[in-house]
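The structure file work_11.txt is reproduced below (compact mmCIF, C-alpha atoms).
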# COMPACT_ATOMS: atom_id res chain seq x y z
CA MET L 1 -60.46 8.10 -18.74
CA ARG L 2 -60.92 5.93 -15.63
CA ARG L 3 -57.63 4.87 -14.07
CA SER L 4 -56.97 1.29 -13.04
CA LYS L 5 -56.67 0.57 -9.31
CA TYR L 6 -53.92 -1.94 -10.04
CA ILE L 7 -50.56 -0.83 -8.69
CA ARG L 8 -47.56 -2.57 -10.15
CA PRO L 9 -45.38 -4.08 -7.38
CA ALA L 10 -42.22 -2.14 -6.67
CA HIS L 11 -39.93 -5.09 -7.34
CA LEU L 12 -41.42 -5.42 -10.86
CA GLU L 13 -41.05 -1.70 -11.51
CA SER L 14 -37.43 -1.86 -10.51
CA GLY L 15 -36.82 -4.94 -12.63
CA VAL L 16 -35.48 -6.87 -9.65
CA ASP L 17 -36.91 -10.36 -9.20
CA LYS L 18 -38.37 -11.08 -5.76
CA PRO L 19 -36.41 -13.89 -4.03
CA ARG L 20 -38.22 -17.23 -4.35
CA LEU L 21 -38.84 -19.32 -1.23
CA THR L 22 -38.58 -23.10 -1.28
CA THR L 23 -41.61 -25.29 -0.64
CA SER L 24 -39.94 -27.10 2.25
CA ALA L 25 -39.52 -23.85 4.18
CA MET L 26 -43.19 -22.95 3.71
CA ILE L 27 -44.49 -26.25 5.11
CA ALA L 28 -41.83 -26.71 7.80
CA SER L 29 -42.78 -28.79 10.84
CA ILE L 30 -43.74 -26.93 14.01
CA ALA L 31 -41.48 -29.31 15.96
CA GLY L 32 -38.20 -28.02 17.31
CA PRO L 33 -34.93 -29.69 16.23
CA ASP L 34 -34.64 -31.86 19.38
CA GLN L 35 -38.34 -32.24 20.12
CA PRO L 36 -39.78 -35.80 20.22
CA THR L 37 -42.58 -36.38 17.71
CA ARG L 38 -45.09 -39.03 16.71
CA PRO L 39 -46.18 -39.55 13.07
CA ALA L 40 -49.80 -39.04 12.00
CA PRO L 41 -51.42 -39.31 15.44
CA PHE L 42 -54.90 -38.55 14.11
CA GLY L 43 -54.82 -41.11 11.30
CA ASN L 44 -53.45 -43.85 13.54
CA ALA L 45 -55.92 -43.12 16.35
CA LEU L 46 -58.91 -43.13 14.00
CA ALA L 47 -57.79 -46.34 12.28
CA ALA L 48 -57.46 -48.05 15.67
CA LEU L 49 -60.84 -46.78 16.86
CA ALA L 50 -62.55 -47.91 13.66
CA ARG L 51 -61.53 -51.52 14.36
CA LYS L 52 -63.90 -51.41 17.34
CA ASP L 53 -66.60 -49.16 15.85
CA ASP L 54 -67.98 -50.10 12.43
CA ARG L 55 -70.03 -46.89 12.24
CA ILE L 56 -66.86 -44.90 11.46
CA VAL L 57 -66.17 -43.90 7.86
CA GLY L 58 -63.49 -41.59 6.51
CA MET L 59 -64.12 -38.94 3.85
CA SER L 60 -61.80 -36.34 2.34
CA ALA L 61 -61.73 -33.63 -0.31
CA ASP L 62 -58.64 -34.91 -2.12
CA LEU L 63 -56.46 -34.23 0.93
CA ALA L 64 -56.24 -37.61 2.69
CA LYS L 65 -52.45 -37.64 2.42
CA TYR L 66 -52.19 -34.13 3.85
CA THR L 67 -54.63 -34.63 6.72
CA ASP L 68 -53.16 -37.99 7.86
CA LEU L 69 -56.37 -39.77 6.83
CA HIS L 70 -54.31 -41.92 4.45
CA VAL L 71 -53.50 -44.11 7.46
CA PHE L 72 -57.21 -44.82 7.92
CA ARG L 73 -57.59 -45.35 4.16
CA ALA L 74 -54.86 -48.00 4.19
CA ALA L 75 -56.36 -49.80 7.20
CA HIS L 76 -60.01 -49.60 6.11
CA PRO L 77 -60.12 -49.10 2.31
CA ASP L 78 -63.78 -50.18 2.09
CA ARG L 79 -64.79 -47.43 4.54
CA PHE L 80 -62.92 -44.55 2.91
CA TYR L 81 -64.53 -42.14 0.42
CA GLN L 82 -62.54 -39.77 -1.78
CA MET L 83 -64.92 -36.92 -2.62
CA GLY L 84 -62.63 -34.82 -4.82
CA MET L 85 -61.97 -31.10 -4.49
CA ALA L 86 -65.56 -30.29 -3.53
CA GLU L 87 -65.85 -29.35 0.14
CA GLN L 88 -69.51 -28.38 -0.07
CA LEU L 89 -70.43 -31.80 -1.50
CA LEU L 90 -68.14 -33.41 1.08
CA MET L 91 -70.16 -31.90 3.93
CA MET L 92 -73.52 -32.71 2.33
CA SER L 93 -72.45 -36.31 1.71
CA ALA L 94 -71.27 -36.61 5.31
CA ALA L 95 -74.64 -35.33 6.49
CA GLY L 96 -76.36 -38.00 4.44
CA MET L 97 -74.07 -40.73 5.82
CA ALA L 98 -74.78 -39.57 9.38
CA ARG L 99 -78.51 -39.74 8.75
CA GLU L 100 -78.06 -43.39 7.74
CA GLY L 101 -76.36 -44.23 11.05
CA PHE L 102 -72.70 -43.86 10.14
CA GLN L 103 -70.24 -41.60 11.93
CA PRO L 104 -68.39 -39.73 9.17
CA TRP L 105 -64.96 -38.22 9.87
CA VAL L 106 -64.32 -35.67 7.14
CA THR L 107 -60.96 -34.02 6.51
CA THR L 108 -59.80 -31.06 4.48
CA TYR L 109 -57.88 -27.87 5.16
CA ALA L 110 -59.36 -25.55 7.80
CA VAL L 111 -59.50 -22.66 5.37
CA PHE L 112 -61.64 -24.67 2.93
CA ALA L 113 -64.04 -25.98 5.60
CA SER L 114 -64.57 -22.55 7.15
CA ARG L 115 -64.74 -20.36 4.06
CA ARG L 116 -66.09 -22.59 1.30
CA ALA L 117 -68.30 -24.99 3.19
CA TYR L 118 -69.56 -22.87 6.11
CA ASP L 119 -73.20 -22.72 5.02
CA PHE L 120 -73.30 -26.46 4.30
CA ILE L 121 -71.85 -27.32 7.71
CA CYS L 122 -74.28 -24.90 9.37
CA LEU L 123 -77.54 -25.97 7.74
CA ALA L 124 -76.92 -29.60 6.78
CA ILE L 125 -74.90 -30.71 9.84
CA ALA L 126 -75.04 -28.32 12.82
CA GLU L 127 -78.72 -27.35 12.62
CA GLU L 128 -79.65 -31.04 12.38
CA MET L 129 -77.22 -31.95 15.20
CA LEU L 130 -75.77 -34.73 13.06
CA ASP L 131 -72.91 -36.88 14.29
CA VAL L 132 -70.25 -35.61 11.85
CA LYS L 133 -66.64 -34.99 12.87
CA ILE L 134 -64.82 -32.32 10.85
CA VAL L 135 -61.03 -32.55 11.24
CA CYS L 136 -59.05 -29.85 9.47
CA ALA L 137 -55.33 -29.34 8.87
CA LEU L 138 -53.45 -26.04 8.54
CA PRO L 139 -55.29 -24.12 11.28
CA GLY L 140 -54.18 -20.55 11.91
CA LEU L 141 -50.59 -19.96 10.85
CA THR L 142 -49.26 -23.47 10.21
CA THR L 143 -48.30 -23.02 6.58
CA GLY L 144 -46.39 -20.36 4.74
CA TYR L 145 -48.58 -20.50 1.63
CA GLY L 146 -50.29 -17.21 2.35
CA PRO L 147 -53.95 -16.21 2.87
CA SER L 148 -55.36 -18.87 0.48
CA HIS L 149 -54.20 -21.61 2.88
CA GLN L 150 -54.02 -19.85 6.27
CA ALA L 151 -57.22 -20.31 8.31
CA THR L 152 -56.56 -17.41 10.64
CA GLU L 153 -60.27 -16.75 11.35
CA ASP L 154 -61.78 -20.26 11.51
CA LEU L 155 -62.48 -20.11 15.26
CA ALA L 156 -64.21 -16.73 14.95
CA MET L 157 -66.48 -18.15 12.25
CA PHE L 158 -67.27 -21.48 13.91
CA ARG L 159 -67.74 -20.11 17.45
CA GLY L 160 -70.88 -18.43 16.20
CA MET L 161 -72.38 -21.67 14.90
CA PRO L 162 -74.86 -23.27 17.35
CA ASN L 163 -74.49 -26.96 18.28
CA LEU L 164 -70.86 -27.16 17.08
CA THR L 165 -68.19 -28.33 19.53
CA ILE L 166 -64.71 -26.93 18.79
CA VAL L 167 -61.42 -28.59 19.79
CA ASP L 168 -57.89 -27.19 19.36
CA PRO L 169 -55.39 -29.85 20.60
CA CYS L 170 -51.78 -29.12 21.51
CA ASP L 171 -49.72 -32.19 20.66
CA ALA L 172 -49.70 -35.78 19.38
CA SER L 173 -50.79 -37.38 22.66
CA GLU L 174 -53.75 -35.03 22.99
CA ILE L 175 -54.87 -35.72 19.42
CA GLU L 176 -54.76 -39.46 20.15
CA GLN L 177 -56.89 -38.97 23.29
CA ALA L 178 -59.26 -36.52 21.61
CA VAL L 179 -60.27 -38.92 18.82
CA PRO L 180 -62.13 -41.46 21.03
CA ALA L 181 -63.51 -38.64 23.20
CA ILE L 182 -64.94 -36.88 20.17
CA ALA L 183 -66.34 -40.16 18.82
CA ALA L 184 -68.15 -40.72 22.11
CA HIS L 185 -69.71 -37.25 21.96
CA ARG L 186 -72.94 -37.32 19.96
CA GLY L 187 -73.10 -34.29 17.67
CA PRO L 188 -70.98 -32.26 15.27
CA VAL L 189 -67.38 -31.47 16.20
CA TYR L 190 -64.77 -29.30 14.50
CA MET L 191 -61.17 -30.16 15.41
CA ARG L 192 -58.09 -28.23 14.33
CA LEU L 193 -55.45 -30.73 13.24
CA LEU L 194 -51.69 -30.75 13.63
CA ARG L 195 -50.52 -33.24 11.01
CA GLY L 196 -47.43 -35.23 10.06
CA ASN L 197 -44.72 -35.55 12.71
CA VAL L 198 -46.48 -33.87 15.62
CA PRO L 199 -44.52 -32.91 18.77
CA LEU L 200 -45.01 -34.75 22.08
CA VAL L 201 -45.24 -32.20 24.87
CA LEU L 202 -48.01 -32.90 27.36
CA GLU L 203 -46.94 -36.37 28.58
CA GLU L 204 -44.33 -34.61 30.73
CA TYR L 205 -47.19 -32.97 32.65
CA GLY L 206 -49.28 -36.12 33.16
CA TYR L 207 -52.03 -34.56 31.07
CA LYS L 208 -55.31 -36.31 30.25
CA PHE L 209 -57.74 -34.85 27.69
CA GLU L 210 -61.36 -34.33 28.72
CA LEU L 211 -63.79 -32.82 26.24
CA GLY L 212 -64.95 -29.44 27.56
CA LYS L 213 -62.29 -29.18 30.28
CA ALA L 214 -59.35 -26.79 30.68
CA LYS L 215 -56.31 -28.03 32.64
CA LEU L 216 -53.68 -26.13 34.62
CA LEU L 217 -50.37 -27.59 33.40
CA ARG L 218 -48.11 -25.57 35.68
CA ASP L 219 -48.73 -22.98 38.38
CA GLY L 220 -47.02 -19.61 38.86
CA LYS L 221 -47.47 -16.43 40.87
CA ASP L 222 -46.46 -13.70 38.37
CA THR L 223 -48.52 -14.35 35.26
CA LEU L 224 -51.15 -16.73 33.92
CA ILE L 225 -50.88 -17.74 30.26
CA ILE L 226 -54.14 -19.15 28.88
CA SER L 227 -53.61 -20.98 25.59
CA SER L 228 -54.85 -23.58 23.13
CA GLY L 229 -53.44 -25.61 20.27
CA LEU L 230 -49.78 -25.29 19.39
CA MET L 231 -49.55 -22.11 21.45
CA THR L 232 -49.72 -24.21 24.61
CA MET L 233 -46.42 -25.84 23.73
CA ARG L 234 -44.98 -22.39 23.06
CA ALA L 235 -46.39 -21.13 26.38
CA LEU L 236 -44.80 -24.04 28.26
CA GLU L 237 -41.44 -23.41 26.59
CA ALA L 238 -41.74 -19.69 27.35
CA ALA L 239 -42.56 -20.45 30.99
CA LYS L 240 -39.29 -22.41 31.29
CA GLN L 241 -37.33 -19.51 29.78
CA LEU L 242 -39.13 -16.98 31.98
CA ARG L 243 -38.17 -19.05 35.04
CA ASN L 244 -34.51 -18.39 34.23
CA ASP L 245 -35.29 -14.67 34.42
CA GLY L 246 -37.05 -14.99 37.77
CA VAL L 247 -40.57 -14.88 36.34
CA ASP L 248 -42.99 -17.51 37.66
CA ALA L 249 -45.54 -18.25 34.90
CA ALA L 250 -48.60 -20.49 35.09
CA VAL L 251 -50.02 -22.16 31.97
CA LEU L 252 -53.72 -23.03 31.61
CA HIS L 253 -54.40 -25.21 28.56
CA VAL L 254 -57.86 -24.77 26.99
CA PRO L 255 -58.25 -27.42 24.27
CA THR L 256 -62.04 -27.08 23.99
CA ILE L 257 -62.86 -23.66 22.60
CA LYS L 258 -66.60 -24.34 22.63
CA PRO L 259 -68.15 -25.06 25.04
CA LEU L 260 -65.59 -23.07 27.00
CA ASP L 261 -64.64 -24.21 30.51
CA GLU L 262 -65.62 -20.86 31.99
CA ALA L 263 -65.57 -22.06 35.61
CA THR L 264 -61.89 -23.07 35.49
CA ILE L 265 -60.88 -19.92 33.62
CA VAL L 266 -62.66 -17.65 36.10
CA ALA L 267 -61.24 -19.55 39.08
CA GLU L 268 -57.66 -19.26 37.81
CA CYS L 269 -58.02 -15.59 36.88
CA ARG L 270 -59.27 -14.79 40.39
CA LYS L 271 -56.06 -16.11 41.95
CA GLY L 272 -53.35 -13.77 43.13
CA GLY L 273 -53.72 -10.69 40.96
CA ARG L 274 -51.63 -12.06 38.09
CA LEU L 275 -51.14 -10.62 34.61
CA VAL L 276 -53.42 -12.63 32.31
CA VAL L 277 -52.12 -13.38 28.82
CA VAL L 278 -54.14 -15.33 26.23
CA ALA L 279 -52.01 -16.94 23.50
CA GLU L 280 -53.65 -18.40 20.41
CA ASN L 281 -52.80 -19.41 16.86
CA HIS L 282 -55.64 -17.31 15.40
CA THR L 283 -56.51 -13.69 14.72
CA VAL L 284 -57.02 -11.71 17.93
CA ILE L 285 -60.58 -11.09 16.73
CA GLY L 286 -63.22 -13.63 17.72
CA GLY L 287 -61.01 -16.44 19.03
CA LEU L 288 -59.96 -17.71 22.45
CA GLY L 289 -58.74 -14.28 23.62
CA GLU L 290 -62.08 -12.56 23.14
CA ALA L 291 -63.91 -15.61 24.51
CA VAL L 292 -61.87 -15.40 27.73
CA ALA L 293 -62.29 -11.61 27.92
CA GLY L 294 -66.07 -11.93 27.61
CA THR L 295 -66.13 -14.66 30.23
CA LEU L 296 -64.20 -12.51 32.72
CA LEU L 297 -66.38 -9.46 32.10
CA ARG L 298 -69.58 -11.43 32.64
CA ALA L 299 -68.14 -12.92 35.86
CA GLY L 300 -66.99 -9.53 37.16
CA VAL L 301 -63.35 -10.62 37.28
CA ALA L 302 -60.77 -7.90 36.53
CA PRO L 303 -57.12 -9.04 36.52
CA PRO L 304 -54.46 -6.31 36.94
CA ALA L 305 -53.83 -6.49 33.19
CA PHE L 306 -55.16 -8.53 30.25
CA ARG L 307 -53.08 -9.04 27.10
CA GLN L 308 -53.43 -11.07 23.89
CA ILE L 309 -50.83 -12.92 21.83
CA GLY L 310 -52.32 -13.76 18.45
CA LEU L 311 -52.32 -12.96 14.79
CA PRO L 312 -53.07 -9.41 13.57
CA ASP L 313 -56.31 -8.47 11.83
CA GLN L 314 -54.81 -8.68 8.36
CA PHE L 315 -54.02 -11.15 5.58
CA LEU L 316 -50.64 -12.63 6.46
CA GLU L 317 -47.58 -12.83 4.30
CA ALA L 318 -46.30 -16.00 2.63
CA GLY L 319 -42.89 -17.33 3.51
CA ALA L 320 -40.89 -19.69 5.68
CA LEU L 321 -43.00 -20.80 8.63
CA PRO L 322 -40.39 -20.27 11.39
CA THR L 323 -39.79 -16.77 10.06
CA LEU L 324 -43.51 -16.00 10.02
CA HIS L 325 -43.99 -17.30 13.58
CA ASP L 326 -41.26 -14.93 14.70
CA GLN L 327 -42.64 -12.07 12.63
CA TYR L 328 -46.18 -12.43 13.98
CA GLY L 329 -45.21 -13.12 17.59
CA LEU L 330 -46.04 -16.84 17.89
CA SER L 331 -42.50 -18.14 18.45
CA THR L 332 -41.32 -19.05 21.93
CA GLY L 333 -38.83 -16.20 21.92
CA LYS L 334 -41.49 -13.64 21.04
CA VAL L 335 -43.93 -14.99 23.67
CA THR L 336 -41.20 -14.77 26.32
CA GLU L 337 -40.26 -11.27 25.24
CA ALA L 338 -43.87 -10.05 25.27
CA VAL L 339 -44.58 -11.37 28.77
CA LYS L 340 -41.40 -9.81 30.17
CA THR L 341 -42.27 -6.48 28.57
CA TRP L 342 -45.82 -6.47 29.94
CA LEU L 343 -44.64 -7.41 33.44
CA SER L 344 -42.14 -4.55 33.46
CA THR L 345 -44.65 -1.84 32.48

Would it be possible to restate this file's structure as structure tokens?
Amino acid sequence: MRRSKYIRPAHLESGVDKPRLTTSAMIASIAGPDQPTRPAPFGNALAALARKDDRIVGMSADLAKYTDLHVFRAAHPDRFYQMGMAEQLLMMSAAGMAREGFQPWVTTYAVFASRRAYDFICLAIAEEMLDVKIVCALPGLTTGYGPSHQATEDLAMFRGMPNLTIVDPCDASEIEQAVPAIAAHRGPVYMRLLRGNVPLVLEEYGYKFELGKAKLLRDGKDTLIISSGLMTMRALEAAKQLRNDGVDAAVLHVPTIKPLDEATIVAECRKGGRLVVVAENHTVIGGLGEAVAGTLLRAGVAPPAFRQIGLPDQFLEAGALPTLHDQYGLSTGKVTEAVKTWLST
């Protein structure tokens, strides 16, 4: 008789119920307790831009409230389209709207756009170079709901798609600046979205977003941290903590993953023989880390050491988000600890 491959979980065998986590802990904000935030920066920026550009329409797969597009819906109800839980049809409809001269901004979760709708984005939008903007919440590890909602490999998948520009902003001010910049770019764009009350971090550094450009936010002689998305705010916090331990860390923010600003990355990595660390909210396979590594190899640049901070090549656990960030090495404390360890070995 053939045996089943199903193995009964240990906690069921023992008769002990697994502790249940609360929903609030699994969708906790990425903002620190004293960190300034701004509500729904994407939705507000798009609603404001649409007042000046009547080509813009908003479309969502039943997730307007959870991708901040509800702000646009309230401001422009006659230009909002609720497509239901059908991401493939969402992308095909957006392609059709773009062909008619509109500029569709479609929103869903990153995991649904990358896994469910990949082929439709590729053939209906990217191959045709249509002016569709795909803005997706819950990139990487920004929810504790487990592998069904964690888009830990979206960058690896989309980096291989020709014609697609990829943006991974850090904070609320960068999202607000990225929206008009993306609208001005003719062609398909995929942007990872931080939603809700999004931290304000970059204003302190006088930062201005430019599509396709990396920016050095702070300089340092001991190590260079190259980062994107929310990991840039963690890198900046880690750099402040490292300073207290006598470590001088530079932070290079790379908000455009594709096309990559290879010239700036190569120039910074050639400076001073520093440890190079790439920090990203994504699996270490196929994301920013491997993009930087390939760039350096092709340019013949060999830093004294190259390290990656990112998510492991595995399906992640569900649970409280702050706990998971600590567990998988994305918290400020873990970034600081990793850099100190690598510098001491």

Hey, which bits of region 57-100 of chain L sit within 7 Å of region 108-114 of chain L, and for each residue what's the closest pair of atoms and how far apart in Å (one decimal), counting all atoms listed in the file, rows by chain and increasing number, as a tab-separated table?
residue	atom	partner	partner_atom	distance
L:Ser60	CA	L:Thr108	CA	6.0
L:Ala61	CA	L:Thr108	CA	5.8
L:Leu63	CA	L:Thr108	CA	5.8
L:Thr67	CA	L:Thr108	CA	6.7
L:Glu87	CA	L:Ala113	CA	6.7

### Task
Choose the residue, out of L:Ser173, L:Thr37, L:Thr223, L:Gln314, that has the smallest atom-to-atom separation from Leu202 (chain L); count all atoms listed in the file.
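Nearest candidate to Leu202 (chain L) out of L:Ser173, L:Thr37, L:Thr223, L:Gln314: L:Ser173.
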
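What separates CA of Leu216 (chain L) from CA of Ile265 (chain L) is a distance of 9.6 Å.
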
### Message
Given only C-alpha atoms as the basis, pick out the residue of L:Pro322, L:Leu90, L:Lys65, L:Leu343 nearest to Pro33 (chain L).
### Response
L:Pro322

### Query
Restricting the calculation to all atoms listed in the file, which member of L:Val106, L:Ala156, L:Val167, L:Ile175 is positioned closest to Phe42 (chain L)?
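Using all atoms listed in the file, Phe42 (chain L) sits closest to L:Ile175.
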
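As for CA of Phe80 (chain L) and CA of Ala172 (chain L), they are spaced 22.9 Å apart.
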
### Task
Do a neighbour search on Thr264 (chain L) at 10 Å with all atoms listed in the file, toss out local chain neighbours closer than 5 positions, and write the hits as a list in words.
Lys213, Ala214, Lys215, Leu216, Leu252, Val254, Cys269 and Arg270 of chain L

### Task
Please measure the separation of CA of Glu237 (chain L) and CA of Tyr207 (chain L), giving the value in Å to one decimal.
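A separation of 16.0 Å between them.
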
### Message
With distances taken over all atoms listed in the file, which residue among L:Pro259, L:Val292, L:Val247, L:Leu141 lies nearest Leu311 (chain L)?
### Response
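Of the candidates, the smallest distance to Leu311 (chain L) is held by L:Leu141.
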
## Note on the structure
One residue among L:Leu155, L:Ala64, L:Ala267, L:Cys122 is nearest to Leu288 (chain L) when using all atoms listed in the file, and that residue is L:Leu155

Each residue of region 214-278 of chain L lying at most 7 Å from region 294-304 of chain L should get a row with its shortest atom-to-atom pair and the distance in Å to one decimal, counting all atoms listed in the file; could you produce that, ordered by chain and increasing number, as a Markdown table?
| residue | atom | partner | partner_atom | distance |
| --- | --- | --- | --- | --- |
| L:Glu262 | CA | L:Thr295 | CA | 6.5 |
| L:Val266 | CA | L:Leu296 | CA | 6.3 |
| L:Cys269 | CA | L:Pro303 | CA | 6.6 |
| L:Arg270 | CA | L:Val301 | CA | 6.6 |
| L:Gly273 | CA | L:Pro303 | CA | 5.8 |
| L:Arg274 | CA | L:Pro303 | CA | 6.5 |
| L:Leu275 | CA | L:Pro304 | CA | 5.9 |
| L:Val276 | CA | L:Pro303 | CA | 6.7 |

### Task
Would you list the contacts of Gly58 (chain L) as an MDAnalysis selection string, taking every protein, DNA or RNA residue within 9 Å and counting only C-alpha atoms, but skipping same-chain residues closer than 4 positions in sequence?
chainID L and resid 46 69 72:73 76 79:82 103:107

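Between Asp261 (chain L) and the candidates L:Met157, L:Leu211, L:Ala75, L:Leu130, the tightest atom-to-atom separation, counting only C-alpha atoms, involves L:Leu211.
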
At a cut-off of 9 Å, using all atoms listed in the file, what residues contact Pro39 (chain L)? Leave out same-chain residues fewer than 6 positions from it and give the result as a compact mmCIF listing (two decimals) with C-alpha atoms, in the frame of the given file.
# COMPACT_ATOMS: atom_id res chain seq x y z
CA ASP L 68 -53.16 -37.99 7.86
CA ALA L 172 -49.70 -35.78 19.38
CA ARG L 195 -50.52 -33.24 11.01
CA GLY L 196 -47.43 -35.23 10.06
CA ASN L 197 -44.72 -35.55 12.71
CA VAL L 198 -46.48 -33.87 15.62
CA PRO L 199 -44.52 -32.91 18.77

Please put the answer as JSON: centre and edge lengths, in Å with one decimal, of a box along x, y and z that encloses all listed atoms of region 235-250 of chain L plus 3 Å on each side.
{"center_x": -41.6, "center_y": -19.4, "center_z": 32.1, "size_x": 20.1, "size_y": 15.4, "size_z": 17.4}

Would you be able to write out as an mmCIF file with C-alpha atoms, in the frame of the given file which residues have an atom within 7 Å of (-64.9, -41.7, 15.3) in the file's coordinates, counting only C-alpha atoms?
data_model
loop_
_atom_site.group_PDB
_atom_site.id
_atom_site.type_symbol
_atom_site.label_atom_id
_atom_site.label_comp_id
_atom_site.auth_asym_id
_atom_site.auth_seq_id
_atom_site.Cartn_x
_atom_site.Cartn_y
_atom_site.Cartn_z
ATOM 1 C CA LEU L 46 -58.910 -43.130 14.000
ATOM 2 C CA LEU L 49 -60.840 -46.780 16.860
ATOM 3 C CA ALA L 50 -62.550 -47.910 13.660
ATOM 4 C CA ILE L 56 -66.860 -44.900 11.460
ATOM 5 C CA GLN L 103 -70.240 -41.600 11.930
ATOM 6 C CA TRP L 105 -64.960 -38.220 9.870
ATOM 7 C CA VAL L 179 -60.270 -38.920 18.820
ATOM 8 C CA PRO L 180 -62.130 -41.460 21.030
ATOM 9 C CA ILE L 182 -64.940 -36.880 20.170
ATOM 10 C CA ALA L 183 -66.340 -40.160 18.820
#

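If you count all atoms listed in the file and draw a sphere of 9 Å around (-54.2, -22.8, 17.9), the protein and nucleic acid residues inside it come out as Pro139, Gly140, Leu141, Asp168, Pro169, Cys170, Arg192, Ser227, Ser228, Gly229, Leu230, Met231, Thr232, Pro255, Ala279, Glu280, Asn281, His282 and Leu288 of chain L.
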
### Message
Need to verify the contact set: Gln88 (chain L), 9 Å, all atoms listed in the file, exclusion of same-chain residues closer than 4 positions in sequence. Can you return it as JSON, numbers by chain?
### Response
{"L": [92, 93, 113, 116, 117, 118, 119, 120, 121]}

### Query
Skipping near chain neighbours, those fewer than 5 positions away, what residues fall within 7 Å of Thr165 (chain L) using only C-alpha atoms, listed as an MDAnalysis selection string?
chainID L and resid 188:190 258:259

Reconstruct all heavy atoms of region 244-249 of chain L from the incomplete input and present them as a CSV table (one decimal), keeping the file's coordinate frame.
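As written to disk, part_0.csv reads:
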chain,number,residue,atom,x,y,z
L,244,ASN,N,-35.9,-18.8,34.1
L,244,ASN,CA,-34.5,-18.4,34.2
L,244,ASN,C,-34.3,-16.9,34.5
L,244,ASN,O,-33.3,-16.5,35.0
L,244,ASN,CB,-33.8,-18.8,32.9
L,244,ASN,CG,-33.8,-20.3,32.7
L,244,ASN,OD1,-33.8,-21.1,33.6
L,244,ASN,ND2,-33.8,-20.7,31.4
L,245,ASP,N,-35.4,-16.1,34.2
L,245,ASP,CA,-35.3,-14.7,34.4
L,245,ASP,C,-36.0,-14.3,35.7
L,245,ASP,O,-36.3,-13.1,35.9
L,245,ASP,CB,-35.9,-13.9,33.2
L,245,ASP,CG,-35.1,-14.1,32.0
L,245,ASP,OD1,-33.8,-14.1,32.1
L,245,ASP,OD2,-35.7,-14.2,30.9
L,246,GLY,N,-36.4,-15.3,36.5
L,246,GLY,CA,-37.0,-15.0,37.8
L,246,GLY,C,-38.5,-14.7,37.7
L,246,GLY,O,-39.1,-14.2,38.6
L,247,VAL,N,-39.1,-15.1,36.5
L,247,VAL,CA,-40.6,-14.9,36.3
L,247,VAL,C,-41.3,-16.2,36.5
L,247,VAL,O,-40.9,-17.2,35.8
L,247,VAL,CB,-40.9,-14.3,35.0
L,247,VAL,CG1,-42.4,-14.2,34.7
L,247,VAL,CG2,-40.2,-12.9,34.8
L,248,ASP,N,-42.3,-16.3,37.4
L,248,ASP,CA,-43.0,-17.5,37.7
L,248,ASP,C,-44.3,-17.5,36.9
L,248,ASP,O,-45.2,-16.8,37.2
L,248,ASP,CB,-43.3,-17.6,39.2
L,248,ASP,CG,-43.6,-19.0,39.6
L,248,ASP,OD1,-43.5,-19.9,38.8
L,248,ASP,OD2,-44.0,-19.1,40.8
L,249,ALA,N,-44.4,-18.3,35.8
L,249,ALA,CA,-45.5,-18.2,34.9
L,249,ALA,C,-46.4,-19.5,35.0
L,249,ALA,O,-45.8,-20.6,35.0
L,249,ALA,CB,-45.1,-18.1,33.5
